[in-house]
file run_12.txt (compact mmCIF, C-alpha atoms)
# COMPACT_ATOMS: atom_id res chain seq x y z
CA MET A 358 10.41 -5.81 -17.32
CA SER A 359 7.86 -3.28 -16.14
CA GLY A 360 7.34 -0.71 -13.43
CA ILE A 361 9.41 2.39 -12.64
CA ARG A 362 10.84 3.53 -9.33
CA PHE A 363 12.31 6.97 -8.64
CA GLU A 364 14.38 6.91 -5.44
CA SER A 365 15.17 10.47 -4.27
CA VAL A 366 16.11 11.46 -7.85
CA SER A 367 17.53 14.96 -8.33
CA VAL A 368 18.73 16.56 -11.56
CA ALA A 369 20.64 19.85 -11.82
CA TYR A 370 21.83 21.97 -14.75
CA GLY A 371 24.60 24.45 -14.05
CA GLY A 372 23.89 24.54 -10.35
CA THR A 373 20.11 24.95 -10.83
CA THR A 374 18.01 22.08 -9.52
CA VAL A 375 15.34 21.15 -12.08
CA LEU A 376 14.16 17.97 -10.35
CA ASP A 377 14.34 17.81 -6.59
CA SER A 378 14.35 14.54 -4.60
CA LEU A 379 11.63 12.77 -6.56
CA ASP A 380 10.25 9.64 -4.88
CA LEU A 381 7.63 7.97 -7.04
CA THR A 382 6.62 4.45 -8.06
CA VAL A 383 4.84 3.52 -11.28
CA GLU A 384 3.40 0.05 -10.80
CA PRO A 385 3.64 -2.63 -13.51
CA GLY A 386 0.85 -2.06 -16.01
CA GLU A 387 -0.07 1.35 -14.58
CA VAL A 388 -0.61 4.61 -16.48
CA MET A 389 1.02 7.40 -14.48
CA ALA A 390 0.59 10.97 -15.72
CA LEU A 391 3.13 13.62 -14.75
CA LEU A 392 1.08 16.81 -14.75
CA GLY A 393 2.37 20.31 -14.19
CA PRO A 394 3.18 23.68 -15.73
CA SER A 395 6.26 24.40 -17.85
CA GLY A 396 9.43 24.15 -15.78
CA SER A 397 7.85 21.92 -13.14
CA GLY A 398 10.31 19.06 -13.69
CA LYS A 399 7.97 16.58 -15.33
CA THR A 400 9.85 16.25 -18.65
CA THR A 401 13.17 16.06 -16.80
CA ALA A 402 11.82 13.11 -14.82
CA LEU A 403 10.83 11.33 -18.03
CA ARG A 404 14.18 12.05 -19.67
CA ALA A 405 15.94 10.63 -16.62
CA VAL A 406 14.01 7.37 -17.07
CA ALA A 407 14.88 7.36 -20.77
CA GLY A 408 18.57 7.82 -19.99
CA PHE A 409 18.92 11.21 -21.70
CA VAL A 410 19.90 12.96 -18.46
CA THR A 411 21.91 11.58 -15.55
CA PRO A 412 20.68 12.25 -12.01
CA ALA A 413 22.92 14.24 -9.71
CA SER A 414 21.72 11.95 -6.95
CA GLY A 415 19.27 9.13 -6.41
CA ARG A 416 18.42 5.95 -8.30
CA ILE A 417 16.05 4.93 -11.10
CA ARG A 418 14.83 1.36 -11.33
CA ILE A 419 12.88 -0.29 -14.14
CA GLY A 420 11.38 -3.65 -13.29
CA GLY A 421 13.51 -3.68 -10.14
CA ARG A 422 16.75 -3.26 -12.10
CA ASP A 423 18.96 -0.24 -11.40
CA VAL A 424 19.23 1.59 -14.74
CA THR A 425 20.55 4.90 -13.42
CA HIS A 426 23.76 4.73 -15.44
CA LEU A 427 22.70 2.46 -18.30
CA PRO A 428 22.54 3.89 -21.85
CA PRO A 429 19.03 4.34 -23.29
CA HIS A 430 19.14 1.32 -25.62
CA GLN A 431 19.76 -1.04 -22.71
CA ARG A 432 16.75 0.06 -20.67
CA GLY A 433 13.97 -1.79 -22.53
CA ILE A 434 11.85 1.32 -23.05
CA GLY A 435 9.82 2.78 -25.89
CA MET A 436 9.41 6.54 -26.26
CA VAL A 437 7.02 8.82 -28.13
CA VAL A 438 7.58 12.59 -28.34
CA GLN A 439 5.33 15.42 -29.52
CA GLN A 440 7.02 16.04 -32.89
CA TYR A 441 6.73 12.46 -34.23
CA ALA A 442 10.48 12.27 -35.12
CA LEU A 443 9.87 10.07 -38.16
CA PHE A 444 12.51 9.68 -40.85
CA PRO A 445 11.04 11.48 -43.90
CA HIS A 446 12.99 9.39 -46.44
CA MET A 447 11.75 6.08 -45.01
CA ARG A 448 8.40 4.41 -45.62
CA VAL A 449 6.14 3.77 -42.63
CA GLN A 450 7.18 0.13 -42.34
CA ASP A 451 10.86 1.08 -42.32
CA ASN A 452 10.32 3.74 -39.66
CA VAL A 453 8.63 1.15 -37.45
CA ALA A 454 11.39 -1.37 -38.12
CA PHE A 455 14.16 1.07 -37.23
CA GLY A 456 14.26 0.26 -33.51
CA LEU A 457 14.15 -3.47 -34.18
CA ARG A 458 17.13 -3.27 -36.52
CA ALA A 459 19.03 -1.11 -34.05
CA ARG A 460 18.50 -3.80 -31.42
CA LYS A 461 19.71 -6.47 -33.88
CA THR A 462 16.39 -8.32 -33.90
CA PRO A 463 16.65 -11.42 -36.16
CA ARG A 464 15.83 -10.31 -39.70
CA ALA A 465 13.15 -12.97 -40.13
CA ASP A 466 11.23 -11.64 -37.12
CA ILE A 467 11.10 -8.00 -38.18
CA PRO A 468 8.26 -8.06 -40.79
CA GLY A 469 5.90 -9.81 -38.38
CA ARG A 470 6.71 -7.45 -35.52
CA VAL A 471 6.24 -4.42 -37.77
CA ALA A 472 2.89 -5.68 -39.07
CA GLU A 473 1.74 -6.44 -35.52
CA ALA A 474 2.58 -2.93 -34.29
CA LEU A 475 0.95 -1.24 -37.29
CA GLU A 476 -2.24 -3.27 -36.90
CA MET A 477 -2.34 -2.46 -33.20
CA THR A 478 -2.29 1.27 -33.98
CA GLY A 479 -4.67 1.04 -36.95
CA MET A 480 -1.98 1.83 -39.51
CA GLY A 481 -1.66 -1.54 -41.24
CA ALA A 482 -2.92 -0.15 -44.57
CA TYR A 483 -0.29 2.61 -44.62
CA ALA A 484 2.90 0.56 -44.45
CA GLU A 485 4.11 1.63 -47.91
CA ARG A 486 3.51 5.36 -47.47
CA TYR A 487 6.00 8.06 -46.57
CA PRO A 488 5.44 10.34 -43.56
CA ARG A 489 4.67 13.32 -45.84
CA GLU A 490 1.66 11.37 -47.16
CA LEU A 491 0.11 11.07 -43.67
CA SER A 492 -1.86 13.42 -41.45
CA GLY A 493 -0.47 14.54 -38.10
CA GLY A 494 -2.57 12.00 -36.24
CA GLN A 495 -1.45 9.21 -38.54
CA GLN A 496 2.19 10.18 -38.11
CA GLN A 497 1.79 10.02 -34.34
CA ARG A 498 0.26 6.55 -34.65
CA VAL A 499 3.33 5.46 -36.61
CA ALA A 500 5.57 6.88 -33.87
CA ILE A 501 3.60 4.88 -31.29
CA ALA A 502 3.82 1.75 -33.46
CA ARG A 503 7.61 2.18 -33.67
CA ALA A 504 7.80 2.39 -29.88
CA LEU A 505 5.59 -0.68 -29.43
CA ALA A 506 7.40 -2.80 -32.03
CA ILE A 507 10.31 -3.41 -29.66
CA ARG A 508 7.81 -4.75 -27.07
CA PRO A 509 8.94 -2.47 -24.24
CA GLY A 510 8.11 -3.04 -20.60
CA VAL A 511 7.86 0.74 -20.19
CA LEU A 512 6.42 3.25 -22.64
CA LEU A 513 7.32 6.92 -22.18
CA LEU A 514 5.10 9.57 -23.77
CA ASP A 515 6.28 13.19 -23.73
CA GLU A 516 3.32 15.47 -24.58
CA PRO A 517 2.48 13.17 -27.51
CA LEU A 518 -0.76 14.93 -28.46
CA SER A 519 0.20 18.59 -28.09
CA ALA A 520 0.81 19.06 -31.83
CA LEU A 521 -2.66 17.75 -32.75
CA ASP A 522 -5.90 19.71 -33.04
CA ALA A 523 -8.67 19.18 -30.48
CA GLN A 524 -10.63 16.58 -32.47
CA LEU A 525 -7.56 14.49 -33.29
CA ARG A 526 -6.40 14.76 -29.68
CA SER A 527 -9.68 13.33 -28.43
CA GLY A 528 -9.48 10.43 -30.86
CA MET A 529 -5.87 9.68 -29.97
CA LEU A 530 -6.72 9.65 -26.26
CA ALA A 531 -9.29 6.96 -26.96
CA GLU A 532 -6.73 5.03 -29.00
CA LEU A 533 -4.13 5.22 -26.23
CA ALA A 534 -6.69 3.96 -23.72
CA ARG A 535 -7.51 1.06 -26.04
CA LEU A 536 -3.83 0.24 -26.52
CA HIS A 537 -3.32 0.15 -22.79
CA ARG A 538 -6.17 -2.35 -22.43
CA GLU A 539 -4.50 -4.55 -25.06
CA LEU A 540 -1.08 -4.21 -23.35
CA PRO A 541 -1.93 -4.59 -19.66
CA ASP A 542 1.64 -5.42 -18.62
CA VAL A 543 3.23 -2.27 -20.09
CA SER A 544 3.78 0.66 -17.71
CA LEU A 545 3.07 4.09 -19.21
CA LEU A 546 4.66 7.31 -17.98
CA TYR A 547 2.73 10.13 -19.64
CA VAL A 548 3.98 13.72 -19.43
CA THR A 549 1.43 16.47 -20.06
CA HIS A 550 0.38 19.97 -19.00
CA ASP A 551 -3.19 19.20 -20.14
CA GLN A 552 -5.45 18.25 -17.23
CA VAL A 553 -8.05 16.64 -19.54
CA GLU A 554 -5.48 14.21 -20.94
CA ALA A 555 -4.33 13.28 -17.44
CA LEU A 556 -7.85 12.87 -16.05
CA THR A 557 -8.95 10.82 -19.07
CA LEU A 558 -6.05 8.42 -19.41
CA ALA A 559 -4.20 8.02 -16.12
CA ASP A 560 -4.69 5.50 -13.33
CA ARG A 561 -2.84 7.97 -11.09
CA ILE A 562 -1.58 11.51 -11.54
CA ALA A 563 1.63 12.93 -10.07
CA VAL A 564 1.29 16.72 -9.81
CA MET A 565 4.59 18.56 -10.26
CA ASP A 566 5.55 22.18 -9.55
CA LYS A 567 8.84 24.00 -9.02
CA ALA A 568 10.91 20.82 -9.53
CA ARG A 569 9.09 18.91 -6.80
CA LEU A 570 6.29 16.37 -6.51
CA GLN A 571 3.34 18.21 -4.95
CA ASP A 572 0.70 15.50 -4.84
CA CYS A 573 -0.11 12.05 -6.20
CA GLY A 574 -3.34 10.10 -6.37
CA THR A 575 -6.11 8.82 -8.61
CA PRO A 576 -7.85 11.39 -10.82
CA GLN A 577 -10.93 11.13 -8.61
CA GLU A 578 -8.93 11.71 -5.42
CA LEU A 579 -7.10 14.74 -6.76
CA TYR A 580 -10.26 16.27 -8.20
CA ARG A 581 -12.65 15.62 -5.32
CA THR A 582 -10.34 15.87 -2.31
CA PRO A 583 -7.13 17.72 -3.28
CA ARG A 584 -4.58 18.18 -0.51
CA THR A 585 -3.18 21.53 -1.57
CA ALA A 586 -4.36 24.73 -3.24
CA PHE A 587 -1.95 24.12 -6.12
CA THR A 588 -3.43 20.67 -6.82
CA ALA A 589 -6.96 22.05 -6.61
CA SER A 590 -6.15 24.81 -9.10
CA PHE A 591 -4.25 22.64 -11.57
CA VAL A 592 -6.46 19.53 -11.61
CA GLY A 593 -9.73 21.00 -12.83
CA ASN A 594 -11.12 24.49 -12.36
CA ALA A 595 -11.46 25.70 -8.77
CA ASN A 596 -12.72 28.57 -6.70
CA LEU A 597 -10.16 28.99 -3.91
CA LEU A 598 -11.46 31.15 -1.10
CA PRO A 599 -9.15 32.42 1.68
CA VAL A 600 -10.95 31.52 4.93
CA THR A 601 -10.38 31.34 8.67
CA VAL A 602 -11.40 28.36 10.76
CA ALA A 603 -14.24 29.45 13.05
CA ALA A 604 -13.49 29.97 16.74
CA ASP A 605 -15.74 27.07 17.73
CA GLY A 606 -14.31 24.83 15.00
CA SER A 607 -17.73 24.28 13.44
CA GLY A 608 -16.94 25.79 10.04
CA VAL A 609 -15.07 28.68 8.44
CA THR A 610 -15.50 32.39 7.85
CA PHE A 611 -15.06 34.11 4.50
CA GLU A 612 -15.15 37.91 4.37
CA GLY A 613 -17.40 38.01 7.44
CA ARG A 614 -19.68 35.20 6.23
CA THR A 615 -19.89 31.92 8.13
CA LEU A 616 -19.74 28.86 5.86
CA ALA A 617 -20.38 25.24 6.81
CA VAL A 618 -17.98 22.47 5.81
CA ASP A 619 -18.70 18.74 5.92
CA PRO A 620 -16.73 17.10 7.42
CA VAL A 621 -16.03 19.65 10.15
CA PRO A 622 -12.46 21.01 9.75
CA ALA A 623 -9.76 19.42 11.87
CA ALA A 624 -7.64 22.59 11.73
CA ALA A 625 -7.10 24.72 14.82
CA PRO A 626 -9.66 27.49 15.43
CA GLY A 627 -8.43 30.78 14.00
CA ALA A 628 -6.08 29.09 11.48
CA SER A 629 -5.88 30.43 7.94
CA ALA A 630 -6.94 27.97 5.26
CA THR A 631 -8.34 27.73 1.74
CA LEU A 632 -11.83 26.58 0.81
CA CYS A 633 -12.05 24.81 -2.55
CA VAL A 634 -15.40 24.79 -4.37
CA ARG A 635 -15.61 23.50 -7.93
CA PRO A 636 -17.53 25.83 -10.29
CA HIS A 637 -20.05 23.17 -11.33
CA LEU A 638 -21.06 22.63 -7.68
CA LEU A 639 -22.36 26.18 -7.32
CA ALA A 640 -26.04 26.91 -7.98
CA LEU A 641 -28.12 30.06 -8.40
CA GLY A 642 -30.29 31.37 -5.58
CA GLU A 643 -30.63 30.77 -1.86
CA GLY A 644 -30.02 27.30 -0.51
CA GLY A 645 -28.68 26.01 2.80
CA PRO A 646 -26.09 27.70 4.98
CA ASN A 647 -23.51 28.50 2.30
CA THR A 648 -24.64 31.58 0.40
CA LEU A 649 -22.47 34.01 -1.55
CA ARG A 650 -23.81 37.31 -2.87
CA GLY A 651 -22.06 39.48 -5.41
CA LYS A 652 -22.10 41.38 -8.70
CA LEU A 653 -22.24 39.57 -12.04
CA THR A 654 -19.22 40.73 -14.08
CA GLU A 655 -19.13 38.30 -17.02
CA VAL A 656 -21.29 35.65 -18.70
CA GLN A 657 -19.93 33.05 -21.14
CA TRP A 658 -22.22 30.76 -23.11
CA ARG A 659 -20.61 27.35 -23.60
CA GLY A 660 -23.31 25.43 -25.40
CA SER A 661 -24.81 23.19 -22.74
CA THR A 662 -23.64 25.46 -19.90
CA HIS A 663 -23.25 29.08 -18.93
CA ARG A 664 -20.16 30.23 -17.05
CA LEU A 665 -20.80 33.12 -14.70
CA HIS A 666 -18.12 35.28 -13.09
CA VAL A 667 -19.30 36.97 -9.90
CA GLU A 668 -17.38 39.46 -7.79
CA VAL A 669 -17.88 38.70 -4.11
CA SER A 670 -16.14 41.12 -1.73
CA GLY A 671 -13.29 41.63 -4.20
CA HIS A 672 -12.94 37.92 -5.03
CA ARG A 673 -13.77 36.49 -8.45
CA ILE A 674 -16.07 33.47 -8.16
CA THR A 675 -16.80 31.22 -11.14
CA ALA A 676 -20.00 29.21 -11.47
CA ASP A 677 -20.69 26.69 -14.25
CA LEU A 678 -24.46 26.32 -14.54
CA PRO A 679 -26.73 24.30 -16.84
CA GLU A 680 -27.73 26.45 -19.82
CA LEU A 681 -29.90 29.29 -18.61
CA ARG A 682 -33.07 30.25 -20.50
CA GLU A 683 -32.51 33.86 -19.50
CA THR A 684 -29.17 35.22 -18.34
CA PRO A 685 -29.01 38.03 -15.76
CA ALA A 686 -27.73 41.39 -16.98
CA LEU A 687 -24.15 42.31 -16.23
CA GLY A 688 -23.91 44.31 -13.04
CA THR A 689 -26.87 42.51 -11.48
CA ARG A 690 -26.42 41.36 -7.91
CA ILE A 691 -26.97 37.63 -7.77
CA THR A 692 -26.83 34.90 -5.15
CA LEU A 693 -24.97 31.58 -5.36
CA HIS A 694 -25.00 28.67 -2.95
CA PHE A 695 -23.24 25.34 -2.43
CA ALA A 696 -23.67 22.34 -0.15
CA PRO A 697 -21.32 21.86 2.84
CA ARG A 698 -20.32 18.43 1.48
CA ASP A 699 -19.20 20.02 -1.82
CA ALA A 700 -16.50 22.18 -0.21
CA VAL A 701 -13.00 20.93 0.60
CA LEU A 702 -10.94 22.69 3.25
CA LEU A 703 -7.24 22.94 2.39
CA THR A 704 -4.82 23.75 5.17
CA ALA A 705 -1.66 23.25 3.06
CA GLY A 706 -0.60 25.74 0.41
CA VAL A 707 -2.97 28.59 1.22
CA ALA A 708 -4.17 30.17 -2.02
CA GLN A 709 -3.17 33.66 -3.07
CA THR A 710 -6.01 34.02 -5.57
CA ALA A 711 -9.69 33.23 -5.40
CA GLU A 712 -10.08 31.52 -8.76
CA VAL A 713 -7.88 29.64 -11.19
CA SER A 714 -9.23 28.67 -14.58
CA HIS A 715 -7.92 26.46 -17.39
CA GLY A 716 -10.49 27.63 -19.90

call {"tool": "encode", "arguments": {"input": "run_12.txt", "output": "structure tokens"}}
result
Amino acid sequence: MSGIRFESVSVAYGGTTVLDSLDLTVEPGEVMALLGPSGSGKTTALRAVAGFVTPASGRIRIGGRDVTHLPPHQRGIGMVVQQYALFPHMRVQDNVAFGLRARKTPRADIPGRVAEALEMTGMGAYAERYPRELSGGQQQRVAIARALAIRPGVLLLDEPLSALDAQLRSGMLAELARLHRELPDVSLLYVTHDQVEALTLADRIAVMDKARLQDCGTPQELYRTPRTAFTASFVGNANLLPVTVAADGSGVTFEGRTLAVDPVPAAAPGASATLCVRPHLLALGEGGPNTLRGKLTEVQWRGSTHRLHVEVSGHRITADLPELRETPALGTRITLHFAPRDAVLLTAGVAQTAEVSHG
């Protein structure tokens, strides 16, 4: 059984709604990332699928079956959390076998299933070790093997890489992508606040904020053509400029400057909106109709790139440029430009700030 369906699912604690009318479908074999800040409702949604919280209203279906009120062990799911949750007194092979024994799998089948799951996660040589004898990344592989050993139709991952350092996290992302290719029928629901993890692994991303689903689409859709200012700011870095649609509808105005947008905005002339321009799409110097002039306030060298912060009429603009041979001095007035096709006009969720950065 695979695939997950949220049907107007709401969850409340003590009168406070923490998940509000979620409608979302995870297709069989799909990796769906739930992305959002702390308190957005993403972990609550995952726990509702797992059976650890009961919705106040709505239905949850797995593989078409209504599981809203079923206990966790009857849902056919595997789950991996950020803190590994391995039994320290058990060897690796016994940790992996735990779920199989709990489900009363025939004893003769257990060794083969355990070996299969450990080989799949690259931990076959560590079956006799205890968790204390493993690195953090290895312990997380064992936790994934334990979840896979029961052959779930749905695999739930709750910030599984947050306890790992950057290098291990990158390697584990690659391993999860490989596992998904080897298990094409298993649906993955992946909770994270890390945009890189979501962009790297997910087929689609559901963006959550303030207990509600804000947007949903492929990583490319959400990055290139976000629908709202919140999506633009949370999926990648974004310059969000408060603009007004020009009177003739041909473009927008920003602090007295006329900027071209391609395609031409469909919003009503005079309407307030937000212009989204990704930092890497800005370039130094004059070029085309979209020019921004301001004072350089900060320069960050990032190896292959330089990040420039420029104050333009009181707004902080970020530009990520290929490594510069010579960087302008702080306080210098510089000019940036971008192509009309590289700007996205957002008419929903008008931004309150000009720039949001995730580092």

call {"tool": "residues_around", "arguments": {"input": "run_12.txt", "residues": "stretch 453-460 of chain A", "least_positions_apart": "5", "cutoff": "10 Å", "atoms": "only C-alpha atoms", "output": "JSON, numbers by chain"}}
result
{"A": [430, 431, 435, 443, 444, 447, 448, 466, 467, 468, 470, 471, 472, 474, 475, 484, 499, 500, 501, 502, 503, 504, 505, 506, 507, 508]}

call {"tool": "atom_distance", "arguments": {"input": "run_12.txt", "atom1": "atom CA of A:Pro429", "atom2": "atom CA of A:Pro541"}}
result
23.1 Å

call {"tool": "residues_around", "arguments": {"input": "run_12.txt", "residues": "stretch 617-624 of chain A", "least_positions_apart": "4", "cutoff": "10 Å", "atoms": "only C-alpha atoms", "output": "JSON, numbers by chain"}}
result
{"A": [601, 602, 603, 606, 607, 608, 609, 610, 628, 629, 630, 632, 645, 646, 647, 648, 695, 696, 697, 698, 699, 700, 701, 702, 703, 704]}

call {"tool": "residues_near_point", "arguments": {"input": "run_12.txt", "point": "(-23.1, 42.7, -18.6)", "cutoff": "12 Å", "atoms": "only C-alpha atoms", "output": "PDB file with C-alpha atoms, keeping the file's coordinate frame"}}
result
ATOM      1  CA  LYS A 652     -22.100  41.380  -8.700  1.00  0.00           C
ATOM      2  CA  LEU A 653     -22.240  39.570 -12.040  1.00  0.00           C
ATOM      3  CA  THR A 654     -19.220  40.730 -14.080  1.00  0.00           C
ATOM      4  CA  GLU A 655     -19.130  38.300 -17.020  1.00  0.00           C
ATOM      5  CA  VAL A 656     -21.290  35.650 -18.700  1.00  0.00           C
ATOM      6  CA  GLN A 657     -19.930  33.050 -21.140  1.00  0.00           C
ATOM      7  CA  LEU A 665     -20.800  33.120 -14.700  1.00  0.00           C
ATOM      8  CA  HIS A 666     -18.120  35.280 -13.090  1.00  0.00           C
ATOM      9  CA  VAL A 667     -19.300  36.970  -9.900  1.00  0.00           C
ATOM     10  CA  THR A 684     -29.170  35.220 -18.340  1.00  0.00           C
ATOM     11  CA  PRO A 685     -29.010  38.030 -15.760  1.00  0.00           C
ATOM     12  CA  ALA A 686     -27.730  41.390 -16.980  1.00  0.00           C
ATOM     13  CA  LEU A 687     -24.150  42.310 -16.230  1.00  0.00           C
ATOM     14  CA  GLY A 688     -23.910  44.310 -13.040  1.00  0.00           C
ATOM     15  CA  THR A 689     -26.870  42.510 -11.480  1.00  0.00           C
ATOM     16  CA  ARG A 690     -26.420  41.360  -7.910  1.00  0.00           C
TER      17      ARG A 690
END

call {"tool": "closest_residue", "arguments": {"input": "run_12.txt", "among": "A:Ala604, A:Ala465, A:Ala555, A:Leu598", "to": "A:Leu649", "atoms": "all atoms listed in the file"}}
result
A:Leu598

call {"tool": "residues_around", "arguments": {"input": "run_12.txt", "residues": "A:Leu639", "least_positions_apart": "3", "cutoff": "7 Å", "atoms": "all atoms listed in the file", "output": "VMD selection string"}}
result
chain A and resid 636 676 693 to 695

call {"tool": "closest_residue", "arguments": {"input": "run_12.txt", "among": "A:Arg486, A:Pro445, A:Ala568, A:Pro385", "to": "A:Ser367", "atoms": "all atoms listed in the file"}}
result
A:Ala568

call {"tool": "residues_near_point", "arguments": {"input": "run_12.txt", "point": "(16.1, 28.5, -9.7)", "cutoff": "12 Å", "atoms": "all atoms listed in the file", "output": "list in words"}}
result
Ala369, Tyr370, Gly371, Gly372, Thr373, Thr374, Val375, Leu376, Asp377, Gly396, Ser397, Gly398, Lys567 and Ala568 of chain A

call {"tool": "residues_around", "arguments": {"input": "run_12.txt", "residues": "A:Pro583", "least_positions_apart": "5", "cutoff": "10 Å", "atoms": "all atoms listed in the file", "output": "number ranges by chain"}}
result
A: 572-574, 576-578, 588-590, 592, 633, 701-703

call {"tool": "atom_distance", "arguments": {"input": "run_12.txt", "atom1": "atom CA of A:Ala407", "atom2": "atom CA of A:Ile434"}}
result
7.1 Å

call {"tool": "atom_distance", "arguments": {"input": "run_12.txt", "atom1": "atom CA of A:His663", "atom2": "atom CA of A:Arg682"}}
result
10.0 Å

call {"tool": "closest_residue", "arguments": {"input": "run_12.txt", "among": "A:Glu554, A:Asp542, A:Glu485, A:Glu473", "to": "A:Ser519", "atoms": "all atoms listed in the file"}}
result
A:Glu554

call {"tool": "residues_around", "arguments": {"input": "run_12.txt", "residues": "A:Leu536", "least_positions_apart": "2", "cutoff": "12 Å", "atoms": "only C-alpha atoms", "output": "PyMOL selection string"}}
result
chain A and resi 386+388+474-479+498+501-502+505+512+529-534+538-545+558

call {"tool": "closest_residue", "arguments": {"input": "run_12.txt", "among": "A:Ile562, A:Leu678, A:Val438, A:Val511", "to": "A:Ala640", "atoms": "all atoms listed in the file"}}
result
A:Leu678

call {"tool": "closest_residue", "arguments": {"input": "run_12.txt", "among": "A:Pro488, A:Ser359, A:Arg464, A:Glu643", "to": "A:Arg422", "atoms": "all atoms listed in the file"}}
result
A:Ser359

call {"tool": "closest_residue", "arguments": {"input": "run_12.txt", "among": "A:Ala405, A:Phe587, A:Arg635, A:Thr557", "to": "A:Gln571", "atoms": "all atoms listed in the file"}}
result
A:Phe587
